[in-house]
Structures are given as C-alpha cells and as structure tokens.
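Enquirer: Shown below is the structure under consideration.
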Amino acid sequence: MFQSRDEVRQVYLTVWRKLQQDQLLEPMEALIAAVIEIHPEYHALLEDGEAAAQNDFTPEQGQTNPFLHMGMHIALREQADCNRPPGMQPLYQKLSARKGRHEAEHAMMECLGQALWQAQRDATEPDLLAYLDCLKKL
C-alpha cells in the first residue's frame, strides 16, 4: 500500500524521535535511522518536526528535498539487499568499495533519479536495463 507524502515524512520524524530517546527500532526504522545518522545536515530540520514535514522544498527555494534524498538512499540500499533489479547488488558493492558507501549512493542517485523521471515522463515502468547501464558507467 502506498503512503502519502505526509505519512512518509511522519515515519522519518518518528524514527528521529525514537533515536533521540534511545528507543528500540523496528528493522525498517533501523534502516531509516542509519540514513538519518549519516546526514547531520538534516538533524535540525527533523528536530523542527511538523514544520519541516509541511515544507515543499521546491527547486525555486534552492533547497534539496531532504526526505526525497534520504528516501533515495533507502531505495538503493533495499535494491542492493535484494539484488533488484538483478545485477544491482554487485554494482552497489563495487561502487561502495571504490567510493565509500555514502558517496557511491550519491553517485547512484543520479541514475535512479533519471530512471524514475523517464518512467514518469513516459508513463511506463522504469527501464531497468538503462538503469543498470547507467550504474555500470559510474
């Protein structure tokens, strides 16, 4: 089932609050927490809570959407963990070994973003072969 933008953002805020209170995390929350922890530049934003969750983060404002950015990290980690699309896991491991995990994911986000943008533009499923080809060129 798909979640709304507000529901997804609420998950990040809940995980942030649990981190601050040293509460036990569910497995998906632990993945989100790991991504939050490598982005200290977003900690103050998460501390703002509901105000941050309501922000649109438009390009006109000159802001990167932190929720989208962290979500892309999570998507890449999940793709690598389950090797979907097939061939993703070795590419992820190779790039992570060469660039470090965080920087590899940032590079890979360009390919993921492009694949999603093209699929949305064309009203089709993402072209997984083109996505993997892009990743191989990194």
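Identifiers for the structure tokens are assigned positionally: chains receive A, B, ... in sequence, residues are indexed from 1 per chain, and ligands are indexed from 1 in the order shown.
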Tell me which protein, DNA and RNA residues are within 7 Å of range 10-27 of chain A, counting only C-alpha atoms, leaving out same-chain ones fewer than 6 positions away, and put them as a PyMOL selection string.

Expert: chain A and resi 33+46+49

Enquirer: Assign secondary structure with DSSP using the backbone only, and return the residues of range 15-111 of chain A in alpha helix (DSSP H) as number ranges by chain.

Expert: A: 15-20, 27-37, 43-48, 50-54, 66-82, 88-99, 101-111

Enquirer: Residues at most 9 Å from range 61-74 of chain A, counting only C-alpha atoms, excluding those fewer than 2 positions away in the same chain, as a VMD selection string?

Expert: chain A and resid 8 to 9 12 31 to 32 35 to 36 39 42 45 53 55 to 59 76 to 79 102 105 to 106 109 112 to 113

Enquirer: For Gln93 in chain A, which residue out of A:Ala51, A:Leu135, A:Ala119, A:Cys111 is the nearest one, using only C-alpha atoms?

Expert: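 With only C-alpha atoms as the atom set, the closest residue is A:Leu135.
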
Enquirer: Which residues, written as a list in words, have at least one atom at most 10 Å from Leu128 in chain A, with only C-alpha atoms counted and residues fewer than 4 positions away on the same chain left out?

Expert: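 That gives Arg84, Pro85, Pro86, Met88, Leu112, Ala115, Leu132, Asp133 and Cys134 of chain A.
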
Enquirer: Distance CA of Asp127 in chain A-CA of Pro90 in chain A, one decimal place?

Expert: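 These atoms are spaced 18.8 Å apart.
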
Enquirer: Go ahead and compute the interatomic distance for CA of Gln89 in chain A and CA of Ala104 in chain A, in Å to one decimal.

Expert: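 Atom-to-atom, CA of Gln89 in chain A and CA of Ala104 in chain A are spaced 12.6 Å apart.
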
Enquirer: Mind giving me the straight-line distance from CA of Ala80 in chain A to CA of Ser96 in chain A in Å, one decimal?

Expert: 10.9 Å
